[in-house]
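Trainee: Can you keep this structure in mind? I'll have questions shortly.
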Amino acid sequence: PRPAFEVPEARGYGRMFFVRHPDDRRSPGLPAQDSPFKALMALGRSMVEQGNPDDPRGDSELPSGYVYFGQFIDHDITFDVTTMTGHRIRSDAELVNGRTPDLDLDNLYGDGPMRSPHLYHLPYLRVGKRISDGGAPRYDLFRVPAGRYEGPRGGKPLALLGDPRDDENIVLAQLHAAFVAFHNRTVDILIDRYFGKDRGHYCKDKICDLRVLADGLPDDVKFKIFEKARDHVTHYYHRIILEDYLPRIIGDKRVANILANGRDFYYPAGFRDGHDQLREATIPVEFAGAVFRLGHSQVRDHYTLRKGVRVAIFGDEERDGILAFEPISPRYVIDWRYFFDIDPTPPPGFNYARRIDPLLTPKLQHLNMTGVVSEDAPGELASLDLMRGRVLHLPAGQDLAERMLPILQERNVLGRGQDSKPWQAYLLATDGRVSHFLDNEGTPLWYYILQEAAIFGTRTDLQSIAMFDGDGRGDEGFRRRGSWHTAAYEEEERTRWADGGHRLGPVGGTIVGEVLVGLLEHY
């Protein structure tokens with residue numbers, strides 16, 4: 001029998017593992033995790049950090065800037081225009097990706113100068129008003145008056161972007177602005193290099209600045225400079241992903257393993273068909289709908305934007321926070337030394353990401369009050385993530401892990417020599433929280449990836465872990481039976497997770513690593 005959900009023609013999304021009909025036991029596909037929506041919403045509401053949400057025990061070693069760089073990557077390759085409304089798909093043919101499934105920065109460049117001319121003043125990308133702070137030039141996003149359009153929060157100036165979601169929070173908006181500045185600075189260098197000595201030929205004044213010189217260039221030259229600058233920016237964007245972001249998220253040894261040995265789950269045979277034609281890449285729903293949502297667990301309650309300025313970026317005006325889709329004011333200009341490890345010694349108040357675990361900051365429980373989602377939508381981000389997995393018919397985490405872990409053991413991903421343990425030792429049981437709400441129906445994939453990271457995502461290499469032995473499904477180190485109480489349970493979880501939560505575990509790390517490395521290869 002054919003699997004229940006498959007892609008007859010690539011439309012931007014696909015699957016690593018087919019999912020079968022619940023009553024079809026003969027199909028090789030995995031069963032979908034089929035918990036009721038009300039139970040998933042209740043589980044999501046429970047996934048909240050208790051006590052002090054800025055407790056440093058909950059911090060990871062990852063600088064927070066990489067959380068928002070991950071969101072920037074996500075907006076480059078995925079935009080689910082189908083399930084955002086809660087519509088439950090009947091087949092994968094209904095799924096449509098609003099972004100190109102390539103790491104081509106279309107969230108920055110849109111559809112290019114011909115189809116998205118509003119983004120350009122060729123060869124430059126448009127920028128907003130210049131903000132001066134201590135003599136350092138910073139830029140807001142390019143915004144236009146809203147006019148009659150009311151906008152998310154009523155008539156505010158609208159940012160014109162390749163992807164409007166890049167204005168969802170102030171960190172992501174300024175990261176987008178940084179890429180705009182990177183492109184425009186590259187254009188400046190190219191124009192000065194190739195035409196700086198001939199200023200008098202293209203502008204009336206021989207000492208005209210580079211922007212005036214650029215305006216005087218022929219249109220075909222502007223396009224060539226733009227394309228060269230875009231290639232340069234995209235090249236370094238790819239290098240950041242491969243050489244900096246991925247090693248921090250999944251570990252440098254896991255990245256090296258994928259580069260050396262290839263992929264086992266995401267286009268394992270490559271992107272060429274039998275006729276050696278390059279096939280269109282697709283984004284697996286397991287990646288987009290669950291695994292790459294790891295960053296939601298890493299969000300902090302408050303951030304230090306610069307010296308003396310500490311705010312909640314997911315809040316509202318009454319809750320000490322900043323609304324989404326707001327123009328950037330001088331007070332909220334970011335000093336990136338507080339988000340990336342630029343200096344040898346981080347400044348006081350440096351923003352470390354929270355650990356990857358099944359606990360989210362309380363600020364993510366009220367997104368319908370921040371402008372990120374509509375006011376009549378559920379405001380709990382964890383509930384939205386869990387319900388999206390249900391809408392997409394994702395398999396339970398245990399079922400997916402059972403398919404992947406034996407292969408990872410063959411590839412020596414799980415350990416070598418004396419540190420090696422059977423793959424069953426890395427298979428997690430349904431924990432007490434999930435059992436309490438879902439009645440042992442299996443762990444939703446997104447939750448499972450967070451749980452796996454909390455246990456196996458240590459600072460040390462995966463093969464060095466020796467604290468868990470035996471079959472995870474029956475090991476009390478993985479399973480808690482009996483009643484569930486938020487505060488006591490969370491404290492015990494924190495102790496049990498020990499040094500986990502700094503990076504993804506074996507299943508989550510493999511999916512993220514193979515997809516991003518594969519997309520880089522496809523590009």
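Chain lettering (A, B, ...) mirrors the order of the structure tokens, residue numbering begins at 1 for each chain separately, and ligand numbering begins at 1 in order of display.
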Show which residues sit within 10 Å of stretch 260-263 of chain A, as JSON, numbers by chain. Count only C-alpha atoms, and ignore same-chain residues fewer than 5 positions away.
Mentor: {"A": [254, 255, 268, 269, 270, 411, 510, 511, 513, 514, 515, 517, 518]}
Trainee: What's around A:Ala453 at 9 Å? Count only C-alpha atoms, leave out sequence neighbours fewer than 5 positions away in its own chain, and write the answer as JSON, numbers by chain.
Mentor: {"A": [355, 356, 357, 448, 458, 500, 501, 502, 503, 504, 505, 506, 508, 509]}
Trainee: Go ahead and save the picked residues with N, CA and C atoms, as an mmCIF file, in the first residue's frame.
Mentor:
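For reference, out.cif as written:
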data_model
loop_
_atom_site.group_PDB
_atom_site.id
_atom_site.type_symbol
_atom_site.label_atom_id
_atom_site.label_comp_id
_atom_site.auth_asym_id
_atom_site.auth_seq_id
_atom_site.Cartn_x
_atom_site.Cartn_y
_atom_site.Cartn_z
ATOM 1 N N ARG A 355 19.035 26.898 27.718
ATOM 2 C CA ARG A 355 19.309 25.533 27.295
ATOM 3 C C ARG A 355 18.160 24.988 26.443
ATOM 4 N N ILE A 356 18.526 24.063 25.563
ATOM 5 C CA ILE A 356 17.520 23.394 24.745
ATOM 6 C C ILE A 356 16.894 22.305 25.609
ATOM 7 N N ASP A 357 15.657 22.528 26.010
ATOM 8 C CA ASP A 357 14.939 21.569 26.842
ATOM 9 C C ASP A 357 13.449 21.847 26.693
ATOM 10 N N TYR A 448 10.190 15.710 21.734
ATOM 11 C CA TYR A 448 11.221 14.676 21.828
ATOM 12 C C TYR A 448 12.605 15.253 21.520
ATOM 13 N N THR A 458 25.358 17.733 25.621
ATOM 14 C CA THR A 458 26.319 18.242 26.596
ATOM 15 C C THR A 458 27.452 19.003 25.914
ATOM 16 N N GLY A 500 23.248 18.936 30.072
ATOM 17 C CA GLY A 500 22.669 18.892 28.736
ATOM 18 C C GLY A 500 22.083 20.225 28.311
ATOM 19 N N GLY A 501 21.557 20.259 27.086
ATOM 20 C CA GLY A 501 20.863 21.431 26.576
ATOM 21 C C GLY A 501 21.719 22.441 25.863
ATOM 22 N N HIS A 502 22.997 22.135 25.635
ATOM 23 C CA HIS A 502 23.881 23.080 24.955
ATOM 24 C C HIS A 502 23.821 22.935 23.430
ATOM 25 N N ARG A 503 23.452 21.768 22.975
ATOM 26 C CA ARG A 503 23.313 21.527 21.535
ATOM 27 C C ARG A 503 22.307 20.403 21.341
ATOM 28 N N LEU A 504 22.010 20.094 20.103
ATOM 29 C CA LEU A 504 21.043 19.043 19.807
ATOM 30 C C LEU A 504 21.623 17.659 20.076
ATOM 31 N N GLY A 505 20.745 16.690 20.286
ATOM 32 C CA GLY A 505 21.142 15.308 20.466
ATOM 33 C C GLY A 505 21.331 14.605 19.136
ATOM 34 N N PRO A 506 21.498 13.278 19.157
ATOM 35 C CA PRO A 506 21.845 12.554 17.928
ATOM 36 C C PRO A 506 20.789 12.628 16.839
ATOM 37 N N GLY A 508 18.066 14.889 16.555
ATOM 38 C CA GLY A 508 17.869 16.277 16.144
ATOM 39 C C GLY A 508 19.069 16.846 15.428
ATOM 40 N N GLY A 509 20.273 16.557 15.931
ATOM 41 C CA GLY A 509 21.482 17.066 15.295
ATOM 42 C C GLY A 509 21.676 16.510 13.900
#
Trainee: DSSP says helix (DSSP H, G or I) for which residues of stretch 35-237 of chain A? Put them as a VMD selection string?
Mentor: chain A and resid 37 to 46 56 to 58 65 to 77 83 to 85 92 to 94 106 to 109 112 to 115 117 to 119 164 to 167 170 to 202 210 to 215 219 to 237
Trainee: I need the residues in stretch 243-479 of chain A that are strand (DSSP E or B) according to DSSP; give them as a PyMOL selection string.
Mentor: chain A and resi 272+278+283-284+303-306+309-312+321+352-354+360+395-396+444
Trainee: Give me a file of those residues, with N, CA, C and O atoms, as an mmCIF file, in the first residue's frame.
Mentor:
data_model
loop_
_atom_site.group_PDB
_atom_site.id
_atom_site.type_symbol
_atom_site.label_atom_id
_atom_site.label_comp_id
_atom_site.auth_asym_id
_atom_site.auth_seq_id
_atom_site.Cartn_x
_atom_site.Cartn_y
_atom_site.Cartn_z
ATOM 1 N N ARG A 272 20.949 14.433 -7.870
ATOM 2 C CA ARG A 272 20.870 14.123 -9.296
ATOM 3 C C ARG A 272 19.960 12.927 -9.519
ATOM 4 O O ARG A 272 20.009 11.942 -8.780
ATOM 5 N N LEU A 278 19.660 17.864 -12.190
ATOM 6 C CA LEU A 278 19.568 18.349 -10.823
ATOM 7 C C LEU A 278 18.105 18.453 -10.412
ATOM 8 O O LEU A 278 17.304 19.136 -11.079
ATOM 9 N N ILE A 283 12.147 20.871 1.559
ATOM 10 C CA ILE A 283 12.404 21.009 2.988
ATOM 11 C C ILE A 283 11.570 19.968 3.721
ATOM 12 O O ILE A 283 10.345 19.972 3.629
ATOM 13 N N PRO A 284 12.199 19.039 4.447
ATOM 14 C CA PRO A 284 11.420 18.024 5.161
ATOM 15 C C PRO A 284 10.523 18.653 6.225
ATOM 16 O O PRO A 284 10.946 19.550 6.955
ATOM 17 N N TYR A 303 16.665 40.643 27.547
ATOM 18 C CA TYR A 303 17.945 40.769 26.853
ATOM 19 C C TYR A 303 18.581 42.116 27.160
ATOM 20 O O TYR A 303 17.888 43.135 27.285
ATOM 21 N N THR A 304 19.904 42.094 27.264
ATOM 22 C CA THR A 304 20.670 43.338 27.318
ATOM 23 C C THR A 304 20.991 43.739 25.892
ATOM 24 O O THR A 304 21.770 43.073 25.206
ATOM 25 N N LEU A 305 20.378 44.827 25.414
ATOM 26 C CA LEU A 305 20.606 45.261 24.038
ATOM 27 C C LEU A 305 21.929 45.999 23.912
ATOM 28 O O LEU A 305 22.635 45.855 22.917
ATOM 29 N N ARG A 306 22.243 46.768 24.909
ATOM 30 C CA ARG A 306 23.503 47.492 24.982
ATOM 31 C C ARG A 306 23.681 47.917 26.428
ATOM 32 O O ARG A 306 22.820 47.641 27.258
ATOM 33 N N VAL A 309 20.726 49.025 28.863
ATOM 34 C CA VAL A 309 19.402 48.852 28.253
ATOM 35 C C VAL A 309 19.050 47.361 28.269
ATOM 36 O O VAL A 309 19.621 46.567 27.521
ATOM 37 N N ARG A 310 18.127 46.987 29.124
ATOM 38 C CA ARG A 310 17.700 45.597 29.253
ATOM 39 C C ARG A 310 16.182 45.551 29.092
ATOM 40 O O ARG A 310 15.458 46.243 29.818
ATOM 41 N N VAL A 311 15.691 44.762 28.160
ATOM 42 C CA VAL A 311 14.266 44.757 27.843
ATOM 43 C C VAL A 311 13.799 43.328 27.572
ATOM 44 O O VAL A 311 14.599 42.411 27.374
ATOM 45 N N ALA A 312 12.489 43.157 27.548
ATOM 46 C CA ALA A 312 11.861 41.924 27.076
ATOM 47 C C ALA A 312 11.416 42.171 25.644
ATOM 48 O O ALA A 312 10.580 43.049 25.403
ATOM 49 N N GLY A 321 7.855 45.319 27.652
ATOM 50 C CA GLY A 321 8.364 44.662 26.459
ATOM 51 C C GLY A 321 8.229 45.539 25.231
ATOM 52 O O GLY A 321 7.737 46.661 25.274
ATOM 53 N N TYR A 352 23.417 34.879 26.991
ATOM 54 C CA TYR A 352 23.551 33.473 26.606
ATOM 55 C C TYR A 352 22.160 32.907 26.319
ATOM 56 O O TYR A 352 21.180 33.259 26.992
ATOM 57 N N ALA A 353 22.084 32.043 25.332
ATOM 58 C CA ALA A 353 20.818 31.374 25.038
ATOM 59 C C ALA A 353 20.447 30.446 26.188
ATOM 60 O O ALA A 353 21.308 29.923 26.890
ATOM 61 N N ARG A 354 19.147 30.255 26.388
ATOM 62 C CA ARG A 354 18.703 29.267 27.362
ATOM 63 C C ARG A 354 18.969 27.865 26.833
ATOM 64 O O ARG A 354 19.142 27.659 25.621
ATOM 65 N N LEU A 360 10.004 26.618 28.116
ATOM 66 C CA LEU A 360 10.100 27.887 27.407
ATOM 67 C C LEU A 360 9.912 29.034 28.385
ATOM 68 O O LEU A 360 9.240 28.894 29.424
ATOM 69 N N PRO A 395 5.419 11.985 12.791
ATOM 70 C CA PRO A 395 5.488 10.784 13.634
ATOM 71 C C PRO A 395 5.910 11.145 15.048
ATOM 72 O O PRO A 395 6.447 12.218 15.312
ATOM 73 N N ALA A 396 5.670 10.209 15.959
ATOM 74 C CA ALA A 396 6.157 10.387 17.330
ATOM 75 C C ALA A 396 7.673 10.328 17.342
ATOM 76 O O ALA A 396 8.299 9.689 16.492
ATOM 77 N N PRO A 444 5.389 13.853 21.091
ATOM 78 C CA PRO A 444 5.437 14.657 19.863
ATOM 79 C C PRO A 444 6.886 14.936 19.462
ATOM 80 O O PRO A 444 7.758 15.136 20.317
#
Trainee: What is the distance, in Å and to one decimal place, between atom CA of A:Gln365 and atom CA of A:Pro327?
Mentor: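 A separation of 23.6 Å between them.
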Trainee: Figure out the distance between atom CA of A:Arg126 and atom CA of A:Lys204, please, to one decimal in Å.
Mentor: 24.0 Å
